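Colleague: This is the content of my_file_1.txt (compact mmCIF, C-alpha atoms (C1' of nucleotides)):
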```
# COMPACT_ATOMS: atom_id res chain seq x y z
CA MET A 1 137.20 58.10 167.47
CA ARG A 2 136.47 57.70 171.19
CA ILE A 3 132.88 58.32 172.12
CA THR A 4 131.42 59.90 175.26
CA LYS A 5 128.12 59.44 177.01
CA SER A 6 127.13 62.87 175.86
CA ASP A 7 127.77 61.88 172.23
CA VAL A 8 125.46 58.94 172.63
CA ILE A 9 122.65 61.06 174.05
CA GLN A 10 123.09 63.76 171.42
CA THR A 11 123.05 61.25 168.60
CA ALA A 12 119.96 59.55 169.96
CA ALA A 13 118.25 62.92 170.39
CA ASP A 14 119.05 63.82 166.80
CA ILE A 15 117.52 60.60 165.57
CA ALA A 16 114.42 61.32 167.64
CA ASP A 17 114.10 64.79 166.13
CA LYS A 18 114.64 63.56 162.58
CA ASN A 19 112.78 60.26 162.57
CA GLY A 20 110.64 60.23 165.70
CA LEU A 21 110.98 58.52 169.04
CA SER A 22 109.90 55.15 167.69
CA ASN A 23 112.94 55.06 165.44
CA VAL A 24 115.40 55.50 168.26
CA SER A 25 117.03 52.10 168.71
CA LEU A 26 120.42 51.09 170.01
CA LYS A 27 121.14 49.70 166.58
CA ALA A 28 120.38 53.03 164.90
CA VAL A 29 122.37 55.00 167.46
CA ALA A 30 125.36 52.67 167.15
CA GLU A 31 125.30 52.92 163.36
CA SER A 32 125.23 56.71 163.51
CA LEU A 33 128.27 56.58 165.76
CA ASN A 34 130.03 53.91 163.69
CA ILE A 35 130.36 51.51 166.58
CA ARG A 36 128.75 48.16 167.38
CA THR A 37 125.56 48.04 169.38
CA PRO A 38 126.94 46.38 172.53
CA SER A 39 129.59 49.08 172.82
CA LEU A 40 126.85 51.50 173.79
CA TYR A 41 126.58 49.69 177.09
CA ASN A 42 129.86 51.26 178.09
CA HIS A 43 127.94 54.54 178.25
CA ILE A 44 124.35 53.70 179.09
CA ASP A 45 122.44 51.17 181.17
CA SER A 46 119.66 50.32 178.74
CA LEU A 47 117.55 51.73 175.95
CA GLU A 48 114.99 52.96 178.46
CA ALA A 49 117.67 54.71 180.45
CA LEU A 50 118.94 56.36 177.27
CA LEU A 51 115.49 57.66 176.45
CA ARG A 52 115.21 59.10 179.93
CA GLU A 53 118.55 60.83 179.47
CA ILE A 54 117.33 62.38 176.24
CA ALA A 55 114.27 63.65 178.05
CA HIS A 56 116.22 64.94 181.04
CA ASN A 57 118.72 66.74 178.83
CA GLY A 58 115.90 68.30 176.88
CA MET A 59 114.04 69.39 179.99
CA LYS A 60 117.17 70.96 181.44
CA THR A 61 117.88 72.82 178.22
CA MET A 62 114.31 74.08 178.12
CA ASN A 63 114.57 75.23 181.73
CA GLU A 64 117.74 77.17 180.97
CA ARG A 65 116.26 78.82 177.92
CA MET A 66 113.12 79.75 179.79
CA MET A 67 115.13 81.30 182.59
CA GLN A 68 117.08 83.31 180.02
CA ALA A 69 113.84 84.39 178.43
CA ALA A 70 112.48 85.62 181.75
CA ILE A 71 115.46 87.76 182.63
CA GLY A 72 114.55 91.41 182.86
CA LYS A 73 110.83 90.74 182.78
CA ILE A 74 108.05 90.36 185.33
CA GLY A 75 104.37 89.61 185.39
CA ASP A 76 102.39 88.72 182.31
CA ASP A 77 105.24 89.68 180.02
CA ALA A 78 107.60 87.24 181.67
CA ILE A 79 105.08 84.42 181.56
CA LYS A 80 104.31 84.96 177.92
CA SER A 81 107.97 85.13 177.10
CA VAL A 82 108.57 81.83 178.84
CA GLY A 83 105.62 80.30 177.05
CA ILE A 84 106.91 81.31 173.64
CA THR A 85 110.31 79.88 174.52
CA TYR A 86 108.65 76.62 175.51
CA LEU A 87 106.84 76.47 172.18
CA ASN A 88 109.96 77.34 170.23
CA TYR A 89 111.88 74.51 171.80
CA MET A 90 109.14 72.09 170.89
CA ILE A 91 109.16 73.27 167.29
CA GLU A 92 112.93 72.91 167.08
CA HIS A 93 113.00 69.54 168.82
CA PRO A 94 109.78 67.63 168.32
CA GLY A 95 111.49 64.29 168.88
CA ILE A 96 112.97 65.37 172.16
CA TYR A 97 109.62 66.77 173.20
CA GLU A 98 108.01 63.45 172.32
CA THR A 99 110.59 61.79 174.52
CA ILE A 100 109.79 64.20 177.34
CA GLN A 101 106.16 63.19 177.11
CA TRP A 102 107.23 59.55 177.17
CA ALA A 103 109.18 60.33 180.33
CA THR A 104 105.99 61.70 181.88
CA TRP A 105 104.84 58.08 182.05
CA HIS A 106 108.21 56.39 182.51
CA GLY A 107 110.02 58.93 184.63
CA THR A 108 112.07 58.60 187.80
CA GLU A 109 112.65 60.89 190.78
CA GLU A 110 115.22 62.70 188.67
CA THR A 111 112.49 63.48 186.14
CA GLY A 112 110.38 64.89 188.91
CA LYS A 113 113.19 67.07 190.19
CA ILE A 114 113.83 68.65 186.82
CA PHE A 115 110.13 69.27 186.41
CA ASP A 116 110.10 70.91 189.83
CA ASN A 117 112.75 73.35 188.65
CA TYR A 118 110.42 74.37 185.87
CA LEU A 119 107.57 74.77 188.35
CA SER A 120 109.80 76.84 190.55
CA LEU A 121 110.58 79.27 187.74
CA LEU A 122 106.93 79.62 186.83
CA LYS A 123 106.03 80.10 190.48
CA THR A 124 108.42 83.02 190.87
CA LEU A 125 107.05 84.62 187.74
CA ALA A 126 103.44 84.02 188.74
CA LEU A 127 104.09 85.66 192.09
CA SER A 128 105.44 88.69 190.22
CA CYS A 129 101.99 89.04 188.66
CA ASN A 130 100.56 90.21 191.98
CA PHE A 131 98.32 87.17 192.40
CA ASN A 132 97.25 86.20 195.87
CA PRO A 133 99.92 83.74 197.06
CA VAL A 134 97.26 81.61 198.70
CA ASN A 135 96.14 80.48 195.28
CA ILE A 136 99.53 80.05 193.74
CA ASP A 137 99.32 76.27 193.27
CA GLU A 138 95.96 76.53 191.57
CA ILE A 139 97.44 79.17 189.29
CA LEU A 140 100.52 77.12 188.52
CA ASN A 141 98.48 74.08 187.65
CA LEU A 142 96.47 76.07 185.17
CA LEU A 143 99.49 77.77 183.60
CA THR A 144 101.48 74.57 183.17
CA GLY A 145 98.42 72.78 181.87
CA VAL A 146 97.69 75.40 179.26
CA LEU A 147 101.28 75.53 178.15
CA HIS A 148 101.61 71.79 177.80
CA GLY A 149 98.25 71.15 176.23
CA TYR A 150 98.12 74.12 173.92
CA THR A 151 101.59 73.61 172.50
CA THR A 152 101.13 69.86 172.08
CA LEU A 153 97.90 70.25 170.18
CA GLN A 154 99.21 73.07 168.01
CA LEU A 155 102.50 71.37 167.20
CA ARG A 156 101.17 69.89 163.98
CA TYR A 157 100.55 73.38 162.60
CA ALA A 158 103.74 74.77 164.06
CA PHE A 159 106.02 73.52 161.30
CA THR A 160 104.12 75.12 158.46
CA LYS A 161 103.04 78.34 160.19
CA PRO A 162 105.32 78.85 163.19
CA ASP A 163 104.69 82.59 163.46
CA GLU A 164 100.95 82.23 163.53
CA VAL A 165 101.14 79.58 166.21
CA ARG A 166 103.44 81.77 168.26
CA THR A 167 101.13 84.77 168.20
CA ALA A 168 98.16 82.48 168.82
CA LEU A 169 99.85 81.15 171.94
CA SER A 170 100.51 84.67 173.10
CA THR A 171 96.85 85.54 172.63
CA ALA A 172 95.77 82.40 174.45
CA LEU A 173 98.01 83.21 177.38
CA ASP A 174 96.56 86.73 177.45
CA THR A 175 93.12 85.22 177.80
CA VAL A 176 94.14 82.88 180.58
CA LEU A 177 96.00 85.64 182.40
CA ALA A 178 92.94 87.86 182.11
CA GLY A 179 90.91 85.16 183.81
CA LEU A 180 93.55 84.73 186.48
CA HIS A 181 93.77 88.45 187.20
CA GLN A 182 90.03 88.79 187.45
CA LYS A 183 89.91 86.00 189.98
CA TYR A 184 93.14 86.09 191.93
CA ASP A 185 94.54 89.63 191.84
CA GLN A 186 95.46 90.91 195.27
CA HIS A 187 93.45 93.83 196.45
CA GLU A 188 95.49 96.81 197.55
CA LYS A 189 95.88 96.76 201.29
CA GLY A 190 95.13 99.96 203.10
CA HIS A 191 98.04 102.42 203.26
CA LEU A 192 100.04 102.15 206.46
CA MET B 1 86.48 29.81 172.03
CA ARG B 2 86.39 31.83 168.82
CA ILE B 3 87.79 35.31 169.13
CA THR B 4 86.69 38.53 167.46
CA LYS B 5 88.60 41.64 166.52
CA SER B 6 86.75 43.47 169.25
CA ASP B 7 87.96 40.94 171.83
CA VAL B 8 91.53 41.56 170.76
CA ILE B 9 91.20 45.32 171.10
CA GLN B 10 89.43 45.06 174.46
CA THR B 11 92.05 42.72 175.83
CA ALA B 12 94.88 44.93 174.65
CA ALA B 13 93.16 47.97 176.13
CA ASP B 14 92.80 46.19 179.47
CA ILE B 15 96.49 45.38 179.50
CA ALA B 16 97.28 49.00 178.75
CA ASP B 17 95.11 50.16 181.64
CA LYS B 18 96.54 47.65 184.06
CA ASN B 19 100.21 47.58 183.08
CA GLY B 20 100.80 50.59 180.86
CA LEU B 21 101.17 51.02 177.13
CA SER B 22 104.73 49.72 177.11
CA ASN B 23 103.53 46.33 178.32
CA VAL B 24 101.09 45.87 175.48
CA SER B 25 102.68 43.26 173.24
CA LEU B 26 101.20 40.74 170.87
CA LYS B 27 102.61 38.05 173.10
CA ALA B 28 100.84 39.44 176.16
CA VAL B 29 97.57 39.91 174.31
CA ALA B 30 97.71 36.39 172.89
CA GLU B 31 98.39 34.92 176.31
CA SER B 32 95.43 36.75 177.81
CA LEU B 33 93.25 35.32 175.08
CA ASN B 34 94.75 31.83 175.33
CA ILE B 35 95.81 31.76 171.70
CA ARG B 36 99.19 31.83 169.96
CA THR B 37 100.70 35.12 168.93
CA PRO B 38 100.50 34.63 165.16
CA SER B 39 96.77 33.95 165.40
CA LEU B 40 96.27 37.59 166.24
CA TYR B 41 97.11 38.42 162.64
CA ASN B 42 93.73 37.02 161.67
CA HIS B 43 92.25 40.06 163.39
CA ILE B 44 94.81 42.84 163.14
CA ASP B 45 97.43 44.05 160.70
CA SER B 46 100.26 44.77 163.11
CA LEU B 47 101.04 45.84 166.64
CA GLU B 48 101.00 49.49 165.57
CA ALA B 49 97.62 49.06 163.96
CA LEU B 50 96.31 47.45 167.14
CA LEU B 51 97.51 50.37 169.24
CA ARG B 52 95.78 52.76 166.89
CA GLU B 53 92.57 50.76 167.26
CA ILE B 54 92.82 50.99 171.03
CA ALA B 55 93.22 54.74 170.72
CA HIS B 56 90.39 55.13 168.24
CA ASN B 57 88.01 53.05 170.32
CA GLY B 58 88.91 55.09 173.37
CA MET B 59 88.45 58.39 171.59
CA LYS B 60 85.06 57.31 170.26
CA THR B 61 83.93 56.21 173.70
CA MET B 62 85.06 59.50 175.18
CA ASN B 63 83.21 61.40 172.48
CA GLU B 64 80.02 59.50 173.23
CA ARG B 65 80.30 60.08 176.95
CA MET B 66 81.01 63.75 176.47
CA MET B 67 77.98 64.13 174.24
CA GLN B 68 75.86 62.42 176.88
CA ALA B 69 77.28 64.71 179.51
CA ALA B 70 76.39 67.77 177.46
CA ILE B 71 72.77 66.85 176.92
CA GLY B 72 70.43 69.33 178.55
CA LYS B 73 73.16 71.85 179.20
CA ILE B 74 74.51 74.94 177.48
CA GLY B 75 77.24 77.48 177.97
CA ASP B 76 79.81 77.25 180.72
CA ASP B 77 77.89 74.48 182.44
CA ALA B 78 78.03 72.27 179.39
CA ILE B 79 81.72 72.86 178.85
CA LYS B 80 82.59 72.12 182.45
CA SER B 81 80.48 69.00 182.39
CA VAL B 82 82.30 67.80 179.28
CA GLY B 83 85.63 68.59 180.87
CA ILE B 84 84.86 66.56 183.97
CA THR B 85 83.75 63.66 181.79
CA TYR B 86 87.03 63.89 179.91
CA LEU B 87 88.98 63.76 183.16
CA ASN B 88 86.90 60.89 184.49
CA TYR B 89 87.60 58.80 181.45
CA MET B 90 91.30 59.41 181.83
CA ILE B 91 91.20 58.35 185.47
CA GLU B 92 89.29 55.20 184.60
CA HIS B 93 91.46 54.36 181.60
CA PRO B 94 94.95 55.76 181.98
CA GLY B 95 96.42 53.17 179.63
CA ILE B 96 93.97 53.95 176.89
CA TYR B 97 94.61 57.63 177.39
CA GLU B 98 98.33 56.99 177.11
CA THR B 99 97.62 55.18 173.86
CA ILE B 100 95.57 58.13 172.63
CA GLN B 101 98.55 60.37 173.25
CA TRP B 102 100.73 57.92 171.37
CA ALA B 103 98.28 58.15 168.50
CA THR B 104 98.72 61.92 168.49
CA TRP B 105 102.16 61.23 167.03
CA HIS B 106 101.39 58.04 165.11
CA GLY B 107 97.87 58.73 163.94
CA THR B 108 96.21 58.38 160.57
CA GLU B 109 93.41 60.28 158.82
CA GLU B 110 90.98 58.20 160.85
CA THR B 111 92.54 59.56 164.02
CA GLY B 112 92.06 63.07 162.70
CA LYS B 113 88.43 62.43 161.88
CA ILE B 114 87.59 61.19 165.36
CA PHE B 115 89.38 64.17 166.86
CA ASP B 116 87.34 66.42 164.60
CA ASN B 117 84.16 64.97 166.06
CA TYR B 118 85.37 66.02 169.48
CA LEU B 119 86.17 69.48 168.17
CA SER B 120 82.75 69.68 166.63
CA LEU B 121 81.06 68.96 169.95
CA LEU B 122 83.13 71.55 171.76
CA LYS B 123 82.47 74.06 169.01
CA THR B 124 78.73 73.71 169.38
CA LEU B 125 78.99 74.14 173.11
CA ALA B 126 81.35 77.09 172.82
CA LEU B 127 78.92 78.82 170.48
CA SER B 128 76.21 78.34 173.11
CA CYS B 129 78.34 80.47 175.42
CA ASN B 130 77.51 83.56 173.39
CA PHE B 131 81.09 84.08 172.24
CA ASN B 132 81.66 85.99 169.04
CA PRO B 133 81.71 83.32 166.32
CA VAL B 134 84.56 85.11 164.57
CA ASN B 135 86.91 83.97 167.32
CA ILE B 136 85.57 80.47 167.67
CA ASP B 137 88.73 78.69 166.47
CA GLU B 138 90.90 80.66 168.85
CA ILE B 139 88.53 79.74 171.65
CA LEU B 140 88.46 76.07 170.70
CA ASN B 141 92.23 75.87 170.60
CA LEU B 142 92.43 77.25 174.10
CA LEU B 143 89.71 75.03 175.50
CA THR B 144 91.11 71.83 174.01
CA GLY B 145 94.59 72.80 175.07
CA VAL B 146 93.61 73.44 178.67
CA LEU B 147 91.64 70.23 178.85
CA HIS B 148 94.41 68.09 177.46
CA GLY B 149 97.25 69.72 179.31
CA TYR B 150 95.56 70.17 182.64
CA THR B 151 94.25 66.64 182.86
CA THR B 152 97.51 65.09 181.69
CA LEU B 153 99.57 66.92 184.27
CA GLN B 154 97.10 66.25 187.08
CA LEU B 155 96.66 62.57 186.28
CA ARG B 156 99.32 61.52 188.75
CA TYR B 157 97.29 62.99 191.60
CA ALA B 158 94.00 61.81 190.20
CA PHE B 159 94.23 58.26 191.52
CA THR B 160 94.79 59.21 195.13
CA LYS B 161 92.54 62.29 195.26
CA PRO B 162 90.11 62.07 192.36
CA ASP B 163 87.54 64.39 193.88
CA GLU B 164 90.01 67.16 194.56
CA VAL B 165 91.34 66.96 191.02
CA ARG B 166 87.81 67.09 189.67
CA THR B 167 86.87 70.22 191.57
CA ALA B 168 90.23 71.75 190.73
CA LEU B 169 89.56 71.19 187.04
CA SER B 170 86.19 72.80 187.41
CA THR B 171 87.78 75.81 189.04
CA ALA B 172 90.45 76.01 186.34
CA LEU B 173 87.80 75.93 183.63
CA ASP B 174 85.93 78.69 185.45
CA THR B 175 89.04 80.81 185.29
CA VAL B 176 89.61 80.17 181.60
CA LEU B 177 85.96 80.80 180.80
CA ALA B 178 86.12 84.05 182.74
CA GLY B 179 89.00 85.13 180.55
CA LEU B 180 87.16 84.05 177.43
CA HIS B 181 84.00 85.91 178.38
CA GLN B 182 85.87 89.06 179.17
CA LYS B 183 87.51 88.98 175.78
CA TYR B 184 85.10 87.38 173.38
CA ASP B 185 81.55 87.88 174.66
CA GLN B 186 79.24 89.28 172.02
CA HIS B 187 77.91 92.69 172.76
CA GLU B 188 74.17 92.98 172.60
CA LYS B 189 73.20 94.34 169.23
CA GLY B 190 70.75 97.25 169.24
CA HIS B 191 67.11 96.23 169.44
CA LEU B 192 65.48 95.94 166.04
C1' DT C 1 157.35 52.18 182.51
C1' DA C 2 153.84 49.53 184.94
C1' DT C 3 149.19 49.45 186.25
C1' DT C 4 144.59 50.36 185.90
C1' DT C 5 140.63 51.96 183.61
C1' DT C 6 138.00 52.77 179.60
C1' DA C 7 135.77 51.59 175.66
C1' DA C 8 135.88 49.04 171.84
C1' DC C 9 135.11 44.24 169.90
C1' DT C 10 133.05 39.26 168.81
C1' DA C 11 130.05 35.69 170.09
C1' DA C 12 125.97 34.09 172.12
C1' DT C 13 121.25 34.38 174.16
C1' DG C 14 116.54 35.67 174.63
C1' DT C 15 112.42 37.96 173.35
C1' DA C 16 109.06 39.68 170.33
C1' DA C 17 107.06 40.76 165.74
C1' DT C 18 106.08 39.05 161.54
C1' DT C 19 105.42 35.72 157.46
C1' DA C 20 104.31 31.25 155.24
C1' DG C 21 101.93 27.39 154.94
C1' DT C 22 98.45 24.14 156.87
C1' DA C 23 94.46 22.16 159.17
C1' DA C 24 90.21 22.30 161.54
C1' DA C 25 85.94 24.26 162.39
C1' DG C 26 82.07 27.19 161.02
C1' DT C 27 78.87 29.10 157.04
C1' DC C 28 75.93 28.64 153.44
C1' DA C 29 73.93 27.24 148.98
C1' DA C 30 72.22 23.52 146.29
C1' DT D 1 73.02 16.69 154.16
C1' DT D 2 76.84 17.39 151.38
C1' DG D 3 80.39 20.02 149.32
C1' DA D 4 82.61 24.58 148.40
C1' DC D 5 84.23 28.41 150.79
C1' DT D 6 85.73 31.27 154.51
C1' DT D 7 87.39 32.06 158.89
C1' DT D 8 90.54 31.37 162.46
C1' DA D 9 93.44 28.70 164.70
C1' DC D 10 97.98 26.26 164.53
C1' DT D 11 103.29 25.11 163.87
C1' DA D 12 107.56 26.30 161.95
C1' DA D 13 110.74 29.59 160.41
C1' DT D 14 112.63 34.29 159.87
C1' DT D 15 114.00 38.63 161.29
C1' DA D 16 115.20 42.41 164.20
C1' DC D 17 116.67 44.00 168.42
C1' DA D 18 118.21 44.36 173.18
C1' DT D 19 121.10 42.52 176.27
C1' DT D 20 125.01 39.72 178.55
C1' DA D 21 129.61 37.57 178.80
C1' DG D 22 134.08 37.48 177.96
C1' DT D 23 138.14 39.51 175.55
C1' DT D 24 141.48 42.93 173.90
C1' DA D 25 143.65 47.14 172.79
C1' DA D 26 144.20 51.78 173.61
C1' DA D 27 144.28 55.67 176.90
C1' DA D 28 145.02 57.54 181.26
C1' DT D 29 147.46 57.61 185.42
C1' DA D 30 150.78 56.70 188.87
```
Give the structure from the file, written as structure tokens.
Modeller:
Amino acid sequence: MRITKSDVIQTAADIADKNGLSNVSLKAVAESLNIRTPSLYNHIDSLEALLREIAHNGMKTMNERMMQAAIGKIGDDAIKSVGITYLNYMIEHPGIYETIQWATWHGTEETGKIFDNYLSLLKTLALSCNFNPVNIDEILNLLTGVLHGYTTLQLRYAFTKPDEVRTALSTALDTVLAGLHQKYDQHEKGHL
Amino acid sequence: MRITKSDVIQTAADIADKNGLSNVSLKAVAESLNIRTPSLYNHIDSLEALLREIAHNGMKTMNERMMQAAIGKIGDDAIKSVGITYLNYMIEHPGIYETIQWATWHGTEETGKIFDNYLSLLKTLALSCNFNPVNIDEILNLLTGVLHGYTTLQLRYAFTKPDEVRTALSTALDTVLAGLHQKYDQHEKGHL
DNA sequence: TATTTTAACTAATGTAATTAGTAAAGTCAA
DNA sequence: TTGACTTTACTAATTACATTAGTTAAAATA
């Protein structure tokens, strides 16, 4: 009968996934939890803060899953594997992903830190592709951009044909990686 | 003293650009126009409908600018020119762009139609790149994805260093186009 | 067991969207 | 120009939430 902060966030996240971000209200969350609206303030600071917590939780979960997905892989394989994991999370949790996008505009330093963890993972993997480290930021910007934009735009098809969208993403990443290799691959240094 | 629907949309769009989407309220719009909130209902159906109108107006304006930017150009040049125009609009009108993203989740058929016009422009330009038409949808999905994702993620830097972000986008598009050419360029058919 | 914290509650306030009903000002035909 | 009609503004009232204040009971802790 006693409720924790984590319960509140989970419940709100579920509502977002089922009914969309715009239907997440303190009233709706409280009803789901069978408590009165003001009682939520024992766990959260405000509706905005709750939304940010949903986003942060989601981002952290994604980061963990992507790290798992990268284990035992390097180079293009690792990057594609991470990309598919990213897409899968979005398909499973569209409401949370919507909240993450909301947090892009309403984020705090915390939001930035969690995003940096994601960048850090991608950076390690990109370096394992044998790209010239000088260009690593350029490369990261392109990879994160493609991942975010491609998955967002394809999400509407992802519910009806998830497998097609997954293979399409893989193909798209192949194309981008081909461009990256052509442009940024390190030339073999002379043998010592 | 008399106000038109277009005035309402413009005013709301200005508020979005200046203060962000979350500060667009009927109250704020009415105050800017020096009328009472309920009077807005003579011009719009609801707050949601108003936001959609902001998005649709913005998307149409972007489409027009991108078509202008493409005139007299073909191939990679045309696509890069369109991409820079896309980015420029976002820098000029971050609030409208935020609203367009909102409309991605809360859109109507109208939203889809305007987006299709954008796709149609890009399709024409992509075909002028000499890609194999069989793969044109794949190519479009990648191009639109990169454009959306890259610009969204770079927007935060775009206000302080707009020129750097612009050239960086150009470079990123070069990379993607290199990948696309490597994979999808049509081979010369035998001479007839 | 006594004390302190936690987390629930009711009651009250403030803000914003929306609806209903009304009046004034503009439009247009006879 | 006058009178019907439409448009667009208004006030008043309703509703839905978010949020704050103050209170109480249960849980945790010492």
Colleague: Hey, what's within 8 Å of region 39-55 of chain B if we count only C-alpha atoms (C1' of nucleotides) and toss same-chain stuff fewer than 3 positions away? As a tab-separated table (two decimals) with C-alpha atoms (C1' of nucleotides), keeping the file's coordinate frame, please?
Modeller:
```tsv
chain	number	residue	atom	x	y	z
B	4	THR	CA	86.69	38.53	167.46
B	5	LYS	CA	88.60	41.64	166.52
B	8	VAL	CA	91.53	41.56	170.76
B	9	ILE	CA	91.20	45.32	171.10
B	10	GLN	CA	89.43	45.06	174.46
B	12	ALA	CA	94.88	44.93	174.65
B	13	ALA	CA	93.16	47.97	176.13
B	25	SER	CA	102.68	43.26	173.24
B	26	LEU	CA	101.20	40.74	170.87
B	30	ALA	CA	97.71	36.39	172.89
B	35	ILE	CA	95.81	31.76	171.70
B	36	ARG	CA	99.19	31.83	169.96
B	58	GLY	CA	88.91	55.09	173.37
B	59	MET	CA	88.45	58.39	171.59
B	96	ILE	CA	93.97	53.95	176.89
B	97	TYR	CA	94.61	57.63	177.39
B	99	THR	CA	97.62	55.18	173.86
B	100	ILE	CA	95.57	58.13	172.63
B	103	ALA	CA	98.28	58.15	168.50
B	106	HIS	CA	101.39	58.04	165.11
B	107	GLY	CA	97.87	58.73	163.94
C	17	DA	C1'	107.06	40.76	165.74
D	8	DT	C1'	90.54	31.37	162.46
D	9	DA	C1'	93.44	28.70	164.70
D	10	DC	C1'	97.98	26.26	164.53
```
Colleague: Around (133.9, 40.5, 173.9) in the file's frame, which residues reach within 8 Å when counting all atoms listed in the file? Return as a list in words?
Modeller: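 Nearby residues: DC9, DT10 and DA11 of chain C; DA21, DG22, DT23 and DT24 of chain D.
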Colleague: What are the closest atom pairs, with distances in Å to one decimal, for all residues of chain C lying within 9 Å of chain A? Consider only C-alpha atoms (C1' of nucleotides), order rows by chain and residue number, and present the result as CSV.
Modeller:
```
residue,atom,partner,partner_atom,distance
C:DT6,C1',A:Asn42,CA,8.4
C:DA7,C1',A:Asn42,CA,6.4
C:DA8,C1',A:Ser39,CA,6.4
C:DC9,C1',A:Arg36,CA,7.9
```
Colleague: What is the CA of Ala178 (chain A) to CA of Thr144 (chain B) distance in Å?
Modeller: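 Separation of CA of Ala178 (chain A) and CA of Thr144 (chain B): 18.1 Å.
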Colleague: Excluding DT3 (chain C) and residues on its chain fewer than 2 positions from it, collect all residues at most 12 Å away from it, counting only C-alpha atoms (C1' of nucleotides), and give them as a list in words.
Modeller: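 Here the answer would be DT1 and DT5 of chain C; DA28, DT29 and DA30 of chain D.
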Colleague: Could the residues of region 106-170 of chain A that have an atom at most 10 Å from region 159-168 of chain B be listed as a tab-separated table, each with its closest atom pair and the distance in Å to one decimal, counting only C-alpha atoms and ordered by chain and ascending residue number?
Modeller:
```
residue	atom	partner	partner_atom	distance
A:Glu138	CA	B:Ala168	CA	7.5
A:Asn141	CA	B:Ala168	CA	9.1
A:Leu142	CA	B:Ala168	CA	9.4
```
Colleague: For chain B against chain A, with a cut-off of 10 Å and counting only C-alpha atoms, what is the closest atom pair and its distance in Å to one decimal for every residue that makes the cut, ordered by chain and number, as CSV?
Modeller:
```
residue,atom,partner,partner_atom,distance
B:Gly20,CA,A:Trp105,CA,8.6
B:Leu21,CA,A:Trp105,CA,9.4
B:Ser22,CA,A:His106,CA,9.3
B:Glu98,CA,A:Trp105,CA,8.2
B:Gln101,CA,A:Gln101,CA,9.0
B:Trp102,CA,A:Trp102,CA,8.9
B:Thr104,CA,A:Leu153,CA,8.5
B:Trp105,CA,A:Glu98,CA,8.2
B:His106,CA,A:Ser22,CA,9.4
B:Glu138,CA,A:Ala168,CA,7.5
B:Ile139,CA,A:Ala172,CA,8.2
B:Asn141,CA,A:Tyr150,CA,7.0
B:Leu142,CA,A:Ala172,CA,6.1
B:Leu143,CA,A:Tyr150,CA,8.6
B:Thr144,CA,A:Tyr150,CA,7.4
B:Gly145,CA,A:Tyr150,CA,3.9
B:Val146,CA,A:Val146,CA,4.6
B:Leu147,CA,A:Gly149,CA,7.2
B:His148,CA,A:Gly149,CA,5.1
B:Gly149,CA,A:Gly149,CA,3.5
B:Tyr150,CA,A:Gly145,CA,3.9
B:Thr151,CA,A:Gly145,CA,7.5
B:Thr152,CA,A:Gly145,CA,7.7
B:Leu153,CA,A:Gly145,CA,6.4
B:Gln154,CA,A:Asn141,CA,8.0
B:Arg156,CA,A:Trp105,CA,9.3
B:Ala168,CA,A:Glu138,CA,7.5
B:Leu169,CA,A:Leu142,CA,8.7
B:Thr171,CA,A:Glu138,CA,8.6
B:Ala172,CA,A:Leu142,CA,6.1
B:Leu173,CA,A:Leu142,CA,8.8
B:Asp174,CA,A:Gly179,CA,8.3
B:Thr175,CA,A:Gly179,CA,5.0
B:Val176,CA,A:Val176,CA,5.4
B:Leu177,CA,A:Gly179,CA,7.3
B:Ala178,CA,A:Gly179,CA,5.0
B:Gly179,CA,A:Gly179,CA,3.8
B:Leu180,CA,A:Thr175,CA,6.1
B:His181,CA,A:Gly179,CA,8.8
B:Gln182,CA,A:Ala178,CA,7.8
B:Lys183,CA,A:Thr175,CA,7.0
B:Tyr184,CA,A:Thr175,CA,9.4
```
Colleague: Excluding Ile136 (chain B) and residues on its chain fewer than 5 positions from it, collect all residues at most 8 Å away from it, counting all atoms listed in the file, and give them as a ChimeraX atom specification.
Modeller: /B:123,126-127,131
Colleague: Give me, as a VMD selection string, the contact residues of chain D against chain A at a cut-off of 10 Å, counting all atoms listed in the file.
Modeller: chain D and resid 16 to 20 27
Colleague: Can you measure CA of Tyr86 (chain A) to CA of Asp116 (chain A) for me? One decimal in Å is fine.
Modeller: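 Between these atoms lies a distance of 15.5 Å.
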Colleague: Just to confirm, what's the straight-line distance from CA of Asp137 (chain B) to CA of Asp76 (chain B) in Å (one decimal)?
Modeller: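 Here the two named atoms are 16.9 Å from each other.
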Colleague: If we count only C-alpha atoms (C1' of nucleotides), what is near region 3-7 of chain D at a cut-off of 9 Å, once residues fewer than 5 positions away on the same chain are taken out, given as a PyMOL selection string?
Modeller: (chain B and resi 42) or (chain C and resi 25-28)
Colleague: For the selection just defined, write its residues with C-alpha atoms (C1' of nucleotides) to a file, as a PDB file, keeping the file's coordinate frame.
Modeller:
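Listed below is the output, selection-v6.pdb:
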```
ATOM      1  CA  ASN B  42      93.730  37.020 161.670  1.00  0.00           C
TER       2      ASN B  42
ATOM      3  C1'  DA C  25      85.940  24.260 162.390  1.00  0.00           C
ATOM      4  C1'  DG C  26      82.070  27.190 161.020  1.00  0.00           C
ATOM      5  C1'  DT C  27      78.870  29.100 157.040  1.00  0.00           C
ATOM      6  C1'  DC C  28      75.930  28.640 153.440  1.00  0.00           C
TER       7       DC C  28
END
```
